[in-house]
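Visitor: Attaching a single structure in structure tokens format; questions to follow.
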Amino acid sequence: NNSAPETLMRALELLNYLGALDDEGELTELGYQMSDFPVDPQLAKMITASPEYGCSEEIITIVACMSVPQIFMRPKESAKAADEAKAQFAHKESDHLTFLNAFAAYVAEDEGARKKFCWENFMNDRSMQSAMNVRTQLTRIMGKLHLPLISTDPTNSGKFDYTSIRMALTQGMFMQVAYKQRDGKYLTVKDNQIVDIHPSSVVDSKPDWVMFEEFALTTKNYIRTVSVTRVDWLVDMAPHYFDLENFPECEAKAELEVAYRRLAHSRNRPGGVR
């Protein structure tokens, strides 16, 4: 297979950007931790970064929901009712946070009532059970690695710190980002693909920067499972990836340049960040 070396190089480059491999190609301490999680490296990075943002409980829930077949069902004959049911859990800035809200509502139900809850809310009961099993497995690995399990909602009130959770998501997904151009179309960062947010996404406000789980090529180039991110987070968390010297010319580059100036200014202020 001619593409095998290129595929391998891309995989090594991805691990290097995530901090799992050093420049000699050796596993870092973070890389050893990430390798214990039976999920994609980007998801493992989110999990290992999440205690820093005080939201590891929420991130393992989201990763569990991303690791099973689609939790929301949308049968053609009941599409309107299914959309209305999903809207109860929707967070307008994030499909990932919508998963979190749906899972929290599911586990709040008595065990015997969960199947009925899924039926009434167009959720896949089998996927939710699988997500619970994955979550239990991830919790065990967190304990083994001595990574703290912390929630932004310690009283189980259903009020999460959604901003902190989106920051932790960005730690793993900074390489899967698209920027809204002046013409309203999204362009994926670095590989410059014109894309649309998939119609199934709850994110319909046309934000400037989004991160996405997958790139789906159907009748159009779609990005699926989307959350709003911020350019300031991207340049702070991943300056090695958003290296302007090697960055293709595009509208996003100008935005990144402004964000780097803001970051430098905030760091030079007395009491500024890091």
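Going by the structure tokens order, chains are called A, B, ..., each with residues numbered from 1, while ligands are numbered from 1 in the order shown.
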Using only C-alpha atoms, which residues sit within 10 Å of region 248-252 of chain A once same-chain residues fewer than 6 positions away are excluded, as a PyMOL selection string?

Guide: chain A and resi 178-182+187-192+208-209+231

Visitor: Would you mind writing down, as a ChimeraX atom specification, each residue of region 46-187 of chain A that DSSP on the backbone assigns to alpha helix (DSSP H)?

Guide: /A:46-49,56-66,79-87,95-108,114-120,125-144,162-173

Visitor: Measuring atom to atom with only C-alpha atoms, identify which of A:Met175, A:Leu147, A:Ile194, A:Met66 is nearest to Leu15 (chain A).

Guide: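 When distances to Leu15 (chain A) are compared using only C-alpha atoms, the smallest one comes from A:Met175.
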
Visitor: Give me the residues within 12 Å of region 258-270 of chain A as a list in words, counting only C-alpha atoms and dropping any in the same chain fewer than 2 places off.

Guide: Arg230, Val231, Asp232, Trp233, Leu234, Val235, Asp236, Met237, Ala238, Pro239, Phe242, Asp243, Leu244, Glu251, Ala252, Lys253, Ala254, Glu255, Leu256, Gly272, Val273 and Arg274 of chain A

Visitor: Compare A:Ser127, A:Phe212, A:Arg114, A:Val202 by their minimum atom-to-atom distance to Ala87 (chain A), counting only C-alpha atoms, and give me the closest one.

Guide: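 Smallest separation from Ala87 (chain A) among the options: A:Val202.
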
Visitor: Show which residues sit within 8 Å of Asn121 (chain A), as number ranges by chain. Count only C-alpha atoms, and ignore same-chain residues fewer than 4 positions away.

Guide: A: 82, 85-86, 117

Visitor: What parts of region 75-218 of chain A does DSSP call strand (DSSP E)? I'd like the answer as a list in words.

Guide: Val177, Ala178, Tyr179, Lys180, Tyr186, Leu187, Thr188, Ile194, Val195, Asp196, Ile197, Trp209, Val210, Met211, Phe212, Glu213, Glu214, Phe215, Ala216 and Leu217 of chain A

Visitor: Would you save the residues from that selection as a PDB file, in the first residue's frame, using N, CA and C atoms?

Guide:
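Saved the output as out-v9.pdb:
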```
ATOM      1  N   VAL A 177     -10.557  21.742  13.368  1.00  0.00           N
ATOM      2  CA  VAL A 177     -11.165  23.056  13.568  1.00  0.00           C
ATOM      3  C   VAL A 177     -11.497  23.662  12.209  1.00  0.00           C
ATOM      4  N   ALA A 178     -12.612  24.385  12.174  1.00  0.00           N
ATOM      5  CA  ALA A 178     -12.986  25.124  10.960  1.00  0.00           C
ATOM      6  C   ALA A 178     -13.321  26.563  11.338  1.00  0.00           C
ATOM      7  N   TYR A 179     -13.070  27.443  10.382  1.00  0.00           N
ATOM      8  CA  TYR A 179     -13.232  28.886  10.593  1.00  0.00           C
ATOM      9  C   TYR A 179     -14.251  29.425   9.594  1.00  0.00           C
ATOM     10  N   LYS A 180     -15.169  30.295  10.075  1.00  0.00           N
ATOM     11  CA  LYS A 180     -16.174  30.885   9.188  1.00  0.00           C
ATOM     12  C   LYS A 180     -15.556  32.053   8.417  1.00  0.00           C
ATOM     13  N   TYR A 186     -17.597  27.694   5.868  1.00  0.00           N
ATOM     14  CA  TYR A 186     -16.532  27.258   6.777  1.00  0.00           C
ATOM     15  C   TYR A 186     -15.385  26.642   5.989  1.00  0.00           C
ATOM     16  N   LEU A 187     -14.170  26.925   6.455  1.00  0.00           N
ATOM     17  CA  LEU A 187     -12.968  26.370   5.856  1.00  0.00           C
ATOM     18  C   LEU A 187     -12.209  25.631   6.956  1.00  0.00           C
ATOM     19  N   THR A 188     -11.875  24.358   6.702  1.00  0.00           N
ATOM     20  CA  THR A 188     -11.121  23.629   7.725  1.00  0.00           C
ATOM     21  C   THR A 188      -9.709  24.203   7.800  1.00  0.00           C
ATOM     22  N   ILE A 194     -13.617  23.381   2.087  1.00  0.00           N
ATOM     23  CA  ILE A 194     -14.864  24.113   2.355  1.00  0.00           C
ATOM     24  C   ILE A 194     -15.893  23.110   2.867  1.00  0.00           C
ATOM     25  N   VAL A 195     -16.486  23.407   4.020  1.00  0.00           N
ATOM     26  CA  VAL A 195     -17.407  22.460   4.671  1.00  0.00           C
ATOM     27  C   VAL A 195     -18.651  23.193   5.186  1.00  0.00           C
ATOM     28  N   ASP A 196     -19.693  22.409   5.441  1.00  0.00           N
ATOM     29  CA  ASP A 196     -20.899  22.898   6.117  1.00  0.00           C
ATOM     30  C   ASP A 196     -21.073  22.109   7.404  1.00  0.00           C
ATOM     31  N   ILE A 197     -21.678  22.757   8.394  1.00  0.00           N
ATOM     32  CA  ILE A 197     -22.040  22.026   9.617  1.00  0.00           C
ATOM     33  C   ILE A 197     -23.230  21.127   9.267  1.00  0.00           C
ATOM     34  N   TRP A 209     -15.562  30.104  15.051  1.00  0.00           N
ATOM     35  CA  TRP A 209     -14.642  28.961  15.131  1.00  0.00           C
ATOM     36  C   TRP A 209     -15.385  27.763  15.705  1.00  0.00           C
ATOM     37  N   VAL A 210     -15.265  26.624  15.048  1.00  0.00           N
ATOM     38  CA  VAL A 210     -15.874  25.388  15.556  1.00  0.00           C
ATOM     39  C   VAL A 210     -14.858  24.250  15.505  1.00  0.00           C
ATOM     40  N   MET A 211     -15.016  23.315  16.425  1.00  0.00           N
ATOM     41  CA  MET A 211     -14.236  22.073  16.356  1.00  0.00           C
ATOM     42  C   MET A 211     -15.223  20.953  16.060  1.00  0.00           C
ATOM     43  N   PHE A 212     -14.742  19.884  15.441  1.00  0.00           N
ATOM     44  CA  PHE A 212     -15.659  18.838  14.993  1.00  0.00           C
ATOM     45  C   PHE A 212     -15.025  17.467  15.196  1.00  0.00           C
ATOM     46  N   GLU A 213     -15.905  16.473  15.354  1.00  0.00           N
ATOM     47  CA  GLU A 213     -15.403  15.104  15.551  1.00  0.00           C
ATOM     48  C   GLU A 213     -15.082  14.438  14.223  1.00  0.00           C
ATOM     49  N   GLU A 214     -15.967  14.614  13.231  1.00  0.00           N
ATOM     50  CA  GLU A 214     -15.696  13.902  11.972  1.00  0.00           C
ATOM     51  C   GLU A 214     -16.052  14.738  10.752  1.00  0.00           C
ATOM     52  N   PHE A 215     -15.362  14.411   9.678  1.00  0.00           N
ATOM     53  CA  PHE A 215     -15.547  15.041   8.379  1.00  0.00           C
ATOM     54  C   PHE A 215     -16.271  14.007   7.528  1.00  0.00           C
ATOM     55  N   ALA A 216     -17.524  14.307   7.149  1.00  0.00           N
ATOM     56  CA  ALA A 216     -18.328  13.321   6.410  1.00  0.00           C
ATOM     57  C   ALA A 216     -18.561  13.821   4.990  1.00  0.00           C
ATOM     58  N   LEU A 217     -18.138  13.033   4.033  1.00  0.00           N
ATOM     59  CA  LEU A 217     -18.310  13.397   2.631  1.00  0.00           C
ATOM     60  C   LEU A 217     -19.558  12.694   2.103  1.00  0.00           C
TER      61      LEU A 217
END
```

Visitor: Given only C-alpha atoms as the basis, pick out the residue of A:Phe122, A:Glu93, A:Thr152, A:Thr61 nearest to Lys76 (chain A).

Guide: A:Phe122

Visitor: Write out as number ranges by chain which residues come within 12 Å of Gln42 (chain A) when counting only C-alpha atoms, dropping same-chain ones fewer than 4 positions away.

Guide: A: 11, 14-20, 31, 34-35, 37-38, 46-49, 63, 66, 168-176, 211-214

Visitor: Can you spit out the residues from that selection as a tab-separated table (two decimals), in the first residue's frame, using N, CA and C atoms?

Guide:
```
chain	number	residue	atom	x	y	z
A	11	ALA	N	-0.04	9.86	11.51
A	11	ALA	CA	-0.40	9.37	12.85
A	11	ALA	C	0.66	9.80	13.88
A	14	LEU	N	0.34	13.53	14.49
A	14	LEU	CA	-0.80	13.79	15.36
A	14	LEU	C	-0.43	13.55	16.83
A	15	LEU	N	0.24	12.42	17.10
A	15	LEU	CA	0.63	12.09	18.48
A	15	LEU	C	1.64	13.10	19.02
A	16	ASN	N	2.51	13.59	18.13
A	16	ASN	CA	3.48	14.60	18.54
A	16	ASN	C	2.78	15.91	18.90
A	17	TYR	N	1.82	16.34	18.06
A	17	TYR	CA	1.08	17.57	18.35
A	17	TYR	C	0.28	17.45	19.65
A	18	LEU	N	-0.23	16.25	19.93
A	18	LEU	CA	-1.01	16.06	21.17
A	18	LEU	C	-0.12	15.98	22.42
A	19	GLY	N	1.21	15.89	22.19
A	19	GLY	CA	2.13	15.79	23.33
A	19	GLY	C	2.37	14.37	23.80
A	20	ALA	N	1.91	13.38	23.00
A	20	ALA	CA	2.07	11.97	23.38
A	20	ALA	C	3.43	11.41	22.96
A	31	GLY	N	1.94	10.54	26.99
A	31	GLY	CA	1.67	9.49	26.00
A	31	GLY	C	1.39	8.15	26.66
A	34	MET	N	-2.07	8.38	28.08
A	34	MET	CA	-3.08	8.33	27.02
A	34	MET	C	-3.24	6.92	26.47
A	35	SER	N	-2.13	6.17	26.39
A	35	SER	CA	-2.18	4.82	25.78
A	35	SER	C	-2.98	3.84	26.62
A	37	PHE	N	-5.96	4.44	27.72
A	37	PHE	CA	-7.38	4.61	27.41
A	37	PHE	C	-7.71	3.98	26.05
A	38	PRO	N	-8.74	3.11	26.00
A	38	PRO	CA	-9.06	2.41	24.73
A	38	PRO	C	-9.90	3.28	23.80
A	46	MET	N	-8.18	14.67	25.69
A	46	MET	CA	-9.25	15.41	26.40
A	46	MET	C	-9.38	14.91	27.83
A	47	ILE	N	-9.38	13.59	27.98
A	47	ILE	CA	-9.57	13.00	29.31
A	47	ILE	C	-8.42	13.39	30.24
A	48	THR	N	-7.19	13.25	29.74
A	48	THR	CA	-6.04	13.53	30.62
A	48	THR	C	-5.94	15.02	30.95
A	49	ALA	N	-6.43	15.88	30.05
A	49	ALA	CA	-6.39	17.33	30.29
A	49	ALA	C	-7.53	17.80	31.19
A	63	VAL	N	-17.00	11.51	26.26
A	63	VAL	CA	-16.19	10.53	25.50
A	63	VAL	C	-16.94	9.20	25.41
A	66	MET	N	-19.47	9.48	22.78
A	66	MET	CA	-18.86	9.54	21.45
A	66	MET	C	-18.34	8.17	21.01
A	168	ALA	N	-11.69	22.00	27.74
A	168	ALA	CA	-11.09	20.66	27.80
A	168	ALA	C	-11.29	19.92	26.47
A	169	LEU	N	-12.45	20.10	25.83
A	169	LEU	CA	-12.67	19.50	24.51
A	169	LEU	C	-11.65	20.03	23.50
A	170	THR	N	-11.37	21.34	23.57
A	170	THR	CA	-10.43	21.97	22.65
A	170	THR	C	-9.03	21.38	22.80
A	171	GLN	N	-8.67	20.96	24.01
A	171	GLN	CA	-7.35	20.36	24.24
A	171	GLN	C	-7.13	19.13	23.37
A	172	GLY	N	-8.19	18.40	23.06
A	172	GLY	CA	-8.04	17.21	22.23
A	172	GLY	C	-8.36	17.44	20.76
A	173	MET	N	-9.17	18.49	20.47
A	173	MET	CA	-9.72	18.63	19.12
A	173	MET	C	-9.18	19.83	18.35
A	174	PHE	N	-8.07	20.41	18.82
A	174	PHE	CA	-7.58	21.64	18.17
A	174	PHE	C	-7.13	21.41	16.73
A	175	MET	N	-6.91	20.15	16.34
A	175	MET	CA	-6.52	19.88	14.95
A	175	MET	C	-7.73	19.67	14.04
A	176	GLN	N	-8.92	19.60	14.64
A	176	GLN	CA	-10.15	19.42	13.86
A	176	GLN	C	-11.01	20.68	14.03
A	211	MET	N	-15.02	23.31	16.42
A	211	MET	CA	-14.24	22.07	16.36
A	211	MET	C	-15.22	20.95	16.06
A	212	PHE	N	-14.74	19.88	15.44
A	212	PHE	CA	-15.66	18.84	14.99
A	212	PHE	C	-15.02	17.47	15.20
A	213	GLU	N	-15.90	16.47	15.35
A	213	GLU	CA	-15.40	15.10	15.55
A	213	GLU	C	-15.08	14.44	14.22
A	214	GLU	N	-15.97	14.61	13.23
A	214	GLU	CA	-15.70	13.90	11.97
A	214	GLU	C	-16.05	14.74	10.75
```

Visitor: Taking into account only C-alpha atoms, which residue in the set A:Ile223, A:Ile71, A:Ile150, A:Ala108 is nearest to Ala131 (chain A)?

Guide: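 Comparing A:Ile223, A:Ile71, A:Ile150, A:Ala108 against Ala131 (chain A), the winner is A:Ile71.
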
Visitor: One decimal, Å: what's the distance from CA of Ile141 (chain A) over to CA of Leu30 (chain A), could you say?

Guide: 14.0 Å
